[in-house]
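Since the structure comes first, as structure tokens, the remarks are kept for the end.
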Amino acid sequence: MAAVGLIAAKASDLSVIHAARWLAPGADPVRALATHFSECLPPIADPDRRYSVELGRAAFRTPLLLGGQASRAGISCESCHQNGRNNPDFDFPGLSGAPGTADVTTSLFSTHRDDGVDNPKPIADLSGPKSALKVSQDPSTGALERRAHGGVTEEFDGAEPPAAVIKGLADYIRALSPDACPAQARVPLRAEDDLDNAVRAVRVAAIALGKGDKPTAILMLEAARSQLGLVYERYDAADLAKPRALLAGASADLAADIAALRDARPGVDGRLAAWLAEQPGWSRVVIAQEIASLFNPARLAALQSTR
């Protein structure tokens, strides 16, 4: 399975969940890990724009976009900007000052932008009023695309992303709107959420493949595997072997498709279609066992009490 989030299952402590590793001291781990910000993304009617936004949305959620130390730590854009908002509980050693801050000019994740100064800044809410954001979101300026590119390749030393990914990141951020924020700011985090993110990434990969954009299709499949990993790491109990095996098998199938794309072997489009057709069946099994997993607030609280 993917390196990010896919660890040997063990019922030991909250650190089996990657997000718990950068949780601020004093934060309520049950609230922070069992709920998340709701997403402020309106429906998008235009198919081309919807494709670009979905592409950016998936890239936003995978550490493999950033590469280097961030990828190895499991950090993605989503880690700081939870569902495109901010993360007041984010506290990464060497990167944060007060909780909810990050220093993007440090050598911890980048060899390009280290300014030698410890100057963490509050993490911006990308779903807030556009006037409060520092970078112009006017598509005609290209400022947001340049910011996204610099964030990936300079702040985090990531590899050069496909052009469609940079456009997608910018389009996703542009699409976020305070007018689309649900009434409930925080909602329960479910296995179904991460599984849906994986499915959306595979669908985008299939479209990218149809467009002949193999590098983007590969990144989208890696993004899907990352999302499966977020589920897998919470299915840590010994009696969850069946859903873990299903998740591992689904991820292995996508890994095989990635290898086939890199080797220019045919048939990936058909296998992705089959993966999507089979997904509802194995997902039902995974979701049915969620109560025994670390998506369950009671299980999180039990582990927290042993710390």
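Chain labels A, B, ... are given in the sequence in which chains occur in the structure tokens; within each chain residues are numbered consecutively from 1, and ligands are likewise numbered from 1 in the order shown.
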
Residues within 7 Å of A:Ile166, please, as a PDB file with C-alpha atoms, in the first residue's frame. Count only C-alpha atoms; anything in the same chain fewer than 4 positions from it doesn't count.
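Writing the result to around_32.pdb gives the following:
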ATOM      1  CA  GLU A 145      -1.148  29.489  -9.996  1.00  0.00           C
ATOM      2  CA  ALA A 148       0.540  27.088  -5.829  1.00  0.00           C
ATOM      3  CA  HIS A 149       3.608  26.256  -7.912  1.00  0.00           C
ATOM      4  CA  PRO A 161       3.823  18.947 -10.886  1.00  0.00           C
ATOM      5  CA  PRO A 162       1.897  18.529 -14.138  1.00  0.00           C
ATOM      6  CA  ALA A 170      -5.722  27.201  -8.115  1.00  0.00           C
TER       7      ALA A 170
END

* **Within 8 Å of stretch 115-126 of chain A using only C-alpha atoms, minus same-chain residues under 4 positions, as an NGL selection string** => :A and (80-81 or 84-88 or 95-97 or 100-106 or 133 or 173 or 176)

What's the 6 Å shell around stretch 52-61 of chain A, counting only C-alpha atoms, without same-chain residues fewer than 3 positions away, as a PDB file with all heavy atoms, in the first residue's frame?
ATOM      1  N   ARG A  49     -14.556  22.775 -15.774  1.00  0.00           N
ATOM      2  CA  ARG A  49     -14.155  23.412 -14.514  1.00  0.00           C
ATOM      3  C   ARG A  49     -14.280  22.431 -13.364  1.00  0.00           C
ATOM      4  O   ARG A  49     -13.432  22.398 -12.472  1.00  0.00           O
ATOM      5  CB  ARG A  49     -15.018  24.652 -14.255  1.00  0.00           C
ATOM      6  CG  ARG A  49     -14.610  25.409 -12.988  1.00  0.00           C
ATOM      7  CD  ARG A  49     -15.211  26.798 -12.939  1.00  0.00           C
ATOM      8  NE  ARG A  49     -14.915  27.439 -11.683  1.00  0.00           N
ATOM      9  CZ  ARG A  49     -15.747  27.524 -10.643  1.00  0.00           C
ATOM     10  NH1 ARG A  49     -16.973  26.999 -10.750  1.00  0.00           N
ATOM     11  NH2 ARG A  49     -15.404  28.117  -9.530  1.00  0.00           N
ATOM     12  N   SER A  76       0.259  17.155   4.005  1.00  0.00           N
ATOM     13  CA  SER A  76      -0.307  17.609   2.734  1.00  0.00           C
ATOM     14  C   SER A  76      -0.820  19.029   2.925  1.00  0.00           C
ATOM     15  O   SER A  76      -0.810  19.573   4.041  1.00  0.00           O
ATOM     16  CB  SER A  76      -1.465  16.697   2.307  1.00  0.00           C
ATOM     17  OG  SER A  76      -2.548  16.833   3.218  1.00  0.00           O
ATOM     18  N   CYS A  77      -1.288  19.659   1.854  1.00  0.00           N
ATOM     19  CA  CYS A  77      -1.929  20.977   1.984  1.00  0.00           C
ATOM     20  C   CYS A  77      -3.090  20.881   2.975  1.00  0.00           C
ATOM     21  O   CYS A  77      -3.322  21.787   3.773  1.00  0.00           O
ATOM     22  CB  CYS A  77      -2.450  21.449   0.633  1.00  0.00           C
ATOM     23  SG  CYS A  77      -1.219  21.587  -0.675  1.00  0.00           S
ATOM     24  N   GLU A  78      -3.796  19.763   2.907  1.00  0.00           N
ATOM     25  CA  GLU A  78      -4.950  19.521   3.768  1.00  0.00           C
ATOM     26  C   GLU A  78      -4.583  19.495   5.248  1.00  0.00           C
ATOM     27  O   GLU A  78      -5.406  19.824   6.108  1.00  0.00           O
ATOM     28  CB  GLU A  78      -5.588  18.184   3.351  1.00  0.00           C
ATOM     29  CG  GLU A  78      -6.437  17.492   4.377  1.00  0.00           C
ATOM     30  CD  GLU A  78      -7.864  18.009   4.426  1.00  0.00           C
ATOM     31  OE1 GLU A  78      -8.201  18.871   3.602  1.00  0.00           O
ATOM     32  OE2 GLU A  78      -8.618  17.546   5.286  1.00  0.00           O
ATOM     33  N   VAL A 165      -2.267  20.000 -12.719  1.00  0.00           N
ATOM     34  CA  VAL A 165      -2.374  19.949 -11.264  1.00  0.00           C
ATOM     35  C   VAL A 165      -2.275  21.347 -10.673  1.00  0.00           C
ATOM     36  O   VAL A 165      -3.037  21.710  -9.766  1.00  0.00           O
ATOM     37  CB  VAL A 165      -1.304  19.015 -10.681  1.00  0.00           C
ATOM     38  CG1 VAL A 165      -1.251  19.131  -9.155  1.00  0.00           C
ATOM     39  CG2 VAL A 165      -1.580  17.576 -11.088  1.00  0.00           C
ATOM     40  N   GLY A 168      -5.423  23.009 -11.358  1.00  0.00           N
ATOM     41  CA  GLY A 168      -6.452  22.444 -10.509  1.00  0.00           C
ATOM     42  C   GLY A 168      -6.382  22.958  -9.083  1.00  0.00           C
ATOM     43  O   GLY A 168      -7.413  23.269  -8.472  1.00  0.00           O
ATOM     44  N   LEU A 169      -5.178  23.053  -8.530  1.00  0.00           N
ATOM     45  CA  LEU A 169      -5.036  23.598  -7.179  1.00  0.00           C
ATOM     46  C   LEU A 169      -5.586  25.011  -7.104  1.00  0.00           C
ATOM     47  O   LEU A 169      -6.320  25.362  -6.165  1.00  0.00           O
ATOM     48  CB  LEU A 169      -3.566  23.579  -6.755  1.00  0.00           C
ATOM     49  CG  LEU A 169      -2.962  22.228  -6.399  1.00  0.00           C
ATOM     50  CD1 LEU A 169      -1.443  22.337  -6.300  1.00  0.00           C
ATOM     51  CD2 LEU A 169      -3.537  21.713  -5.085  1.00  0.00           C
ATOM     52  N   ASP A 171      -7.755  26.400  -9.145  1.00  0.00           N
ATOM     53  CA  ASP A 171      -9.205  26.387  -9.364  1.00  0.00           C
ATOM     54  C   ASP A 171      -9.950  25.892  -8.132  1.00  0.00           C
ATOM     55  O   ASP A 171     -11.053  26.376  -7.834  1.00  0.00           O
ATOM     56  CB  ASP A 171      -9.552  25.524 -10.577  1.00  0.00           C
ATOM     57  CG  ASP A 171      -9.234  26.214 -11.892  1.00  0.00           C
ATOM     58  OD1 ASP A 171      -9.086  27.451 -11.894  1.00  0.00           O
ATOM     59  OD2 ASP A 171      -9.142  25.519 -12.926  1.00  0.00           O
ATOM     60  N   TYR A 172      -9.387  24.927  -7.431  1.00  0.00           N
ATOM     61  CA  TYR A 172     -10.025  24.443  -6.202  1.00  0.00           C
ATOM     62  C   TYR A 172     -10.100  25.551  -5.157  1.00  0.00           C
ATOM     63  O   TYR A 172     -11.154  25.789  -4.549  1.00  0.00           O
ATOM     64  CB  TYR A 172      -9.261  23.241  -5.653  1.00  0.00           C
ATOM     65  CG  TYR A 172      -9.764  22.768  -4.302  1.00  0.00           C
ATOM     66  CD1 TYR A 172     -11.063  22.302  -4.143  1.00  0.00           C
ATOM     67  CD2 TYR A 172      -8.928  22.798  -3.178  1.00  0.00           C
ATOM     68  CE1 TYR A 172     -11.531  21.867  -2.898  1.00  0.00           C
ATOM     69  CE2 TYR A 172      -9.386  22.362  -1.942  1.00  0.00           C
ATOM     70  CZ  TYR A 172     -10.685  21.910  -1.802  1.00  0.00           C
ATOM     71  OH  TYR A 172     -11.151  21.489  -0.578  1.00  0.00           O
ATOM     72  N   ALA A 201     -10.861  10.745  -6.509  1.00  0.00           N
ATOM     73  CA  ALA A 201      -9.534  10.815  -7.115  1.00  0.00           C
ATOM     74  C   ALA A 201      -9.384   9.810  -8.248  1.00  0.00           C
ATOM     75  O   ALA A 201      -8.785  10.111  -9.294  1.00  0.00           O
ATOM     76  CB  ALA A 201      -8.460  10.599  -6.055  1.00  0.00           C
TER      77      ALA A 201
END

Write out as a Markdown table the residues of stretch 231-250 of chain A that have any atom within 10 Å of an atom of stretch 12-17 of chain A, one row each with the nearest atom pair and its distance in Å to one decimal, counting only C-alpha atoms, sorted by chain and then rising number.
| residue | atom | partner | partner_atom | distance |
| --- | --- | --- | --- | --- |
| A:Val231 | CA | A:Ile17 | CA | 9.4 |
| A:Tyr232 | CA | A:Ile17 | CA | 9.5 |
| A:Glu233 | CA | A:Ile17 | CA | 6.0 |
| A:Arg234 | CA | A:Ile17 | CA | 6.5 |
| A:Tyr235 | CA | A:Val16 | CA | 9.7 |
| A:Asp236 | CA | A:Val16 | CA | 8.0 |
| A:Ala237 | CA | A:Ser12 | CA | 9.5 |

How would the residues just picked look written out with N, CA, C and O atoms as a PDB file, in the first residue's frame?
ATOM      1  N   VAL A 231      -7.875   5.652   6.070  1.00  0.00           N
ATOM      2  CA  VAL A 231      -8.853   4.730   6.642  1.00  0.00           C
ATOM      3  C   VAL A 231      -8.119   3.557   7.301  1.00  0.00           C
ATOM      4  O   VAL A 231      -8.400   3.184   8.447  1.00  0.00           O
ATOM      5  N   TYR A 232      -7.181   2.989   6.574  1.00  0.00           N
ATOM      6  CA  TYR A 232      -6.454   1.805   7.046  1.00  0.00           C
ATOM      7  C   TYR A 232      -5.818   2.032   8.414  1.00  0.00           C
ATOM      8  O   TYR A 232      -5.871   1.161   9.292  1.00  0.00           O
ATOM      9  N   GLU A 233      -5.208   3.211   8.607  1.00  0.00           N
ATOM     10  CA  GLU A 233      -4.488   3.434   9.854  1.00  0.00           C
ATOM     11  C   GLU A 233      -5.426   3.470  11.059  1.00  0.00           C
ATOM     12  O   GLU A 233      -4.999   3.251  12.191  1.00  0.00           O
ATOM     13  N   ARG A 234      -6.691   3.741  10.849  1.00  0.00           N
ATOM     14  CA  ARG A 234      -7.655   3.778  11.961  1.00  0.00           C
ATOM     15  C   ARG A 234      -8.301   2.407  12.215  1.00  0.00           C
ATOM     16  O   ARG A 234      -8.967   2.241  13.238  1.00  0.00           O
ATOM     17  N   TYR A 235      -8.126   1.499  11.309  1.00  0.00           N
ATOM     18  CA  TYR A 235      -8.662   0.143  11.496  1.00  0.00           C
ATOM     19  C   TYR A 235      -7.575  -0.722  12.123  1.00  0.00           C
ATOM     20  O   TYR A 235      -7.041  -1.637  11.521  1.00  0.00           O
ATOM     21  N   ASP A 236      -7.251  -0.395  13.369  1.00  0.00           N
ATOM     22  CA  ASP A 236      -6.061  -0.939  14.020  1.00  0.00           C
ATOM     23  C   ASP A 236      -6.315  -2.178  14.860  1.00  0.00           C
ATOM     24  O   ASP A 236      -5.390  -2.862  15.250  1.00  0.00           O
ATOM     25  N   ALA A 237      -7.576  -2.449  15.178  1.00  0.00           N
ATOM     26  CA  ALA A 237      -7.870  -3.547  16.110  1.00  0.00           C
ATOM     27  C   ALA A 237      -7.719  -4.909  15.436  1.00  0.00           C
ATOM     28  O   ALA A 237      -7.886  -5.051  14.217  1.00  0.00           O
TER      29      ALA A 237
END

* **Atom-to-atom span, atom CA of A:Glu154 and atom CA of A:Pro63, Å** => 14.8 Å

* Using only C-alpha atoms: which of A:Ser177, A:Asn197, A:Thr153, A:Asn296 has the shortest distance to A:Leu228 ->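 Among the listed residues, A:Asn197 lies closest to A:Leu228.
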
* Asked: Any idea what's packed within 7 Å of stretch 19-24 of chain A, counting only C-alpha atoms, ignoring anything in its chain fewer than 4 positions away? Could you give it as a PyMOL selection string?
  -> chain A and resi 14-15+89-92+99

* **A:Asp257 surroundings by only C-alpha atoms, 8 Å radius, close-in-sequence under 3 positions cut, as a PyMOL selection string** => chain A and resi 253-254+260-261+268+271-272

* Please identify which residues in stretch 135-259 of chain A DSSP calls helix (DSSP H, G or I) from the backbone, and express them as number ranges by chain. => A: 143-155, 163-175, 178-180, 191-210, 214-232, 238-259

* To do: Within 10 Å of A:Thr62, counting only C-alpha atoms, which residues show up once you throw out same-chain ones fewer than 2 positions away? Write them as a list in words, please.
  => Val4, Arg57, Ala58, Ala59, Phe60, Leu64, Leu65, Leu66, Gly67, Ser71, Gly74, Ile75, Ser76, Cys77, Glu78, Ser79, Leu219, Met220, Glu222, Ala223, Ala224, Arg225, Ser226 and Gln227 of chain A

Keeping only N, CA, C and O atoms, take the residues you just selected and write them out as a compact mmCIF listing (two decimals), in the first residue's frame.
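See again-v2.txt below for the written result:
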# COMPACT_ATOMS: atom_id res chain seq x y z
N VAL A 4 2.17 6.61 2.70
CA VAL A 4 1.52 7.57 3.58
C VAL A 4 0.33 6.93 4.26
O VAL A 4 -0.59 6.47 3.63
N ARG A 57 -8.57 19.36 -5.88
CA ARG A 57 -9.04 18.90 -4.57
C ARG A 57 -8.30 17.64 -4.15
O ARG A 57 -7.89 17.50 -2.99
N ALA A 58 -8.13 16.70 -5.06
CA ALA A 58 -7.41 15.47 -4.75
C ALA A 58 -5.93 15.74 -4.49
O ALA A 58 -5.35 15.19 -3.55
N ALA A 59 -5.32 16.58 -5.32
CA ALA A 59 -3.91 16.90 -5.12
C ALA A 59 -3.68 17.59 -3.78
O ALA A 59 -2.67 17.36 -3.10
N PHE A 60 -4.61 18.44 -3.39
CA PHE A 60 -4.56 19.17 -2.13
C PHE A 60 -4.45 18.23 -0.94
O PHE A 60 -3.89 18.58 0.09
N LEU A 64 2.07 13.24 -1.34
CA LEU A 64 3.00 12.95 -2.43
C LEU A 64 3.14 14.13 -3.38
O LEU A 64 4.13 14.22 -4.11
N LEU A 65 2.18 15.05 -3.37
CA LEU A 65 2.33 16.27 -4.17
C LEU A 65 3.52 17.08 -3.67
O LEU A 65 4.28 17.64 -4.47
N LEU A 66 3.70 17.13 -2.35
CA LEU A 66 4.74 17.98 -1.76
C LEU A 66 6.11 17.32 -1.79
O LEU A 66 7.12 17.99 -1.92
N GLY A 67 6.13 16.00 -1.66
CA GLY A 67 7.41 15.30 -1.75
C GLY A 67 8.31 15.55 -0.54
O GLY A 67 7.94 16.23 0.42
N SER A 71 6.33 14.73 2.56
CA SER A 71 5.69 13.49 2.15
C SER A 71 5.99 12.38 3.14
O SER A 71 5.11 11.60 3.53
N GLY A 74 3.91 12.69 6.11
CA GLY A 74 2.47 12.58 5.88
C GLY A 74 1.77 13.91 5.81
O GLY A 74 0.55 13.99 5.94
N ILE A 75 2.53 14.99 5.58
CA ILE A 75 1.96 16.33 5.51
C ILE A 75 1.46 16.61 4.09
O ILE A 75 2.15 16.36 3.11
N SER A 76 0.26 17.15 4.01
CA SER A 76 -0.31 17.61 2.73
C SER A 76 -0.82 19.03 2.92
O SER A 76 -0.81 19.57 4.04
N CYS A 77 -1.29 19.66 1.85
CA CYS A 77 -1.93 20.98 1.98
C CYS A 77 -3.09 20.88 2.98
O CYS A 77 -3.32 21.79 3.77
N GLU A 78 -3.80 19.76 2.91
CA GLU A 78 -4.95 19.52 3.77
C GLU A 78 -4.58 19.50 5.25
O GLU A 78 -5.41 19.82 6.11
N SER A 79 -3.35 19.13 5.58
CA SER A 79 -2.94 19.05 6.98
C SER A 79 -3.06 20.40 7.67
O SER A 79 -3.47 20.48 8.83
N LEU A 219 -0.60 10.77 -10.45
CA LEU A 219 -0.71 11.50 -9.19
C LEU A 219 -2.09 11.31 -8.56
O LEU A 219 -2.22 11.17 -7.34
N MET A 220 -3.13 11.28 -9.38
CA MET A 220 -4.47 11.09 -8.85
C MET A 220 -4.63 9.69 -8.24
O MET A 220 -5.30 9.53 -7.21
N GLU A 222 -2.17 7.98 -6.90
CA GLU A 222 -1.43 8.06 -5.65
C GLU A 222 -2.26 8.78 -4.59
O GLU A 222 -2.24 8.41 -3.40
N ALA A 223 -2.99 9.81 -5.01
CA ALA A 223 -3.86 10.53 -4.07
C ALA A 223 -4.94 9.61 -3.53
O ALA A 223 -5.26 9.65 -2.32
N ALA A 224 -5.50 8.78 -4.38
CA ALA A 224 -6.52 7.83 -3.93
C ALA A 224 -5.93 6.87 -2.91
O ALA A 224 -6.56 6.55 -1.89
N ARG A 225 -4.73 6.38 -3.15
CA ARG A 225 -4.10 5.45 -2.21
C ARG A 225 -3.83 6.12 -0.87
O ARG A 225 -3.96 5.50 0.20
N SER A 226 -3.48 7.41 -0.90
CA SER A 226 -3.28 8.14 0.36
C SER A 226 -4.56 8.18 1.18
O SER A 226 -4.54 8.01 2.40
N GLN A 227 -5.69 8.38 0.51
CA GLN A 227 -6.96 8.44 1.21
C GLN A 227 -7.33 7.07 1.79
O GLN A 227 -7.84 6.97 2.90

Mind listing the strand (DSSP E or B) residues of stretch 88-165 of chain A, per DSSP on the backbone, as a compact mmCIF listing (two decimals) with C-alpha atoms, in the first residue's frame?
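Writing the result to out.txt gives the following:
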# COMPACT_ATOMS: atom_id res chain seq x y z
CA PHE A 90 -1.90 22.08 13.95
CA THR A 101 0.64 28.51 12.75
CA ALA A 102 3.34 27.43 10.30
CA LYS A 121 2.36 32.77 10.66
CA PRO A 122 -1.30 31.96 11.28

* **Distance in Å - atom CA of A:Cys40 versus atom CA of A:Val204** =>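 Atom CA of A:Cys40 sits 20.0 Å away from atom CA of A:Val204.
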
* Asked: Out of A:Ser136, A:Ser293, A:Gln279, A:Thr216, which residue has the shortest atom-to-atom distance to A:Arg244 when counting only C-alpha atoms?
  ->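 Ranking A:Ser136, A:Ser293, A:Gln279, A:Thr216 by distance to A:Arg244, first place goes to A:Ser293.
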
* To do: Would you work out the distance separating atom CA of A:Leu303 from atom CA of A:Val30, expressed in Å to one decimal?
  => 9.8 Å

* Near-A:Ala298 list (12 Å; only C-alpha atoms; drop same-chain fewer than 5 positions) as a list in words ->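 Everything that qualifies: Pro29, Val30, Arg31, Leu33, Ala34, Glu290, Ile291, Ala292, Ser293, Leu303, Gln304 and Ser305 of chain A.
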
Residue subset to file, keeping N, CA and C atoms, as a PDB file, in the first residue's frame:
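Saved to part_21.pdb:
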ATOM      1  N   PRO A  29      -8.081  15.594  21.728  1.00  0.00           N
ATOM      2  CA  PRO A  29      -7.840  14.697  20.594  1.00  0.00           C
ATOM      3  C   PRO A  29      -9.109  14.064  20.050  1.00  0.00           C
ATOM      4  N   VAL A  30     -10.107  13.882  20.893  1.00  0.00           N
ATOM      5  CA  VAL A  30     -11.357  13.293  20.397  1.00  0.00           C
ATOM      6  C   VAL A  30     -12.047  14.271  19.447  1.00  0.00           C
ATOM      7  N   ARG A  31     -12.146  15.535  19.858  1.00  0.00           N
ATOM      8  CA  ARG A  31     -12.741  16.534  18.960  1.00  0.00           C
ATOM      9  C   ARG A  31     -11.908  16.693  17.699  1.00  0.00           C
ATOM     10  N   LEU A  33      -9.744  14.667  16.222  1.00  0.00           N
ATOM     11  CA  LEU A  33      -9.556  13.510  15.356  1.00  0.00           C
ATOM     12  C   LEU A  33     -10.851  12.819  14.959  1.00  0.00           C
ATOM     13  N   ALA A  34     -11.935  13.104  15.689  1.00  0.00           N
ATOM     14  CA  ALA A  34     -13.219  12.483  15.364  1.00  0.00           C
ATOM     15  C   ALA A  34     -14.149  13.428  14.612  1.00  0.00           C
ATOM     16  N   GLU A 290     -16.929   0.285  11.063  1.00  0.00           N
ATOM     17  CA  GLU A 290     -16.368   1.561  11.520  1.00  0.00           C
ATOM     18  C   GLU A 290     -16.451   1.722  13.040  1.00  0.00           C
ATOM     19  N   ILE A 291     -17.501   1.214  13.643  1.00  0.00           N
ATOM     20  CA  ILE A 291     -17.688   1.394  15.087  1.00  0.00           C
ATOM     21  C   ILE A 291     -16.548   0.785  15.887  1.00  0.00           C
ATOM     22  N   ALA A 292     -15.864  -0.213  15.340  1.00  0.00           N
ATOM     23  CA  ALA A 292     -14.739  -0.856  16.036  1.00  0.00           C
ATOM     24  C   ALA A 292     -13.416  -0.166  15.747  1.00  0.00           C
ATOM     25  N   SER A 293     -13.436   0.844  14.894  1.00  0.00           N
ATOM     26  CA  SER A 293     -12.205   1.500  14.450  1.00  0.00           C
ATOM     27  C   SER A 293     -11.966   2.795  15.218  1.00  0.00           C
ATOM     28  N   LEU A 303      -8.261   5.299  24.051  1.00  0.00           N
ATOM     29  CA  LEU A 303      -6.810   5.369  23.858  1.00  0.00           C
ATOM     30  C   LEU A 303      -6.235   6.593  24.534  1.00  0.00           C
ATOM     31  N   GLN A 304      -6.940   7.710  24.453  1.00  0.00           N
ATOM     32  CA  GLN A 304      -6.484   8.930  25.101  1.00  0.00           C
ATOM     33  C   GLN A 304      -6.340   8.737  26.602  1.00  0.00           C
ATOM     34  N   SER A 305      -7.252   7.991  27.210  1.00  0.00           N
ATOM     35  CA  SER A 305      -7.236   7.806  28.654  1.00  0.00           C
ATOM     36  C   SER A 305      -6.049   6.975  29.125  1.00  0.00           C
TER      37      SER A 305
END

* **Counting only C-alpha atoms, the option among A:Gly281, A:Pro297, A:Gly270, A:Gly210 closest to A:Leu246** =>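 Result for the nearest residue to A:Leu246: A:Gly281.
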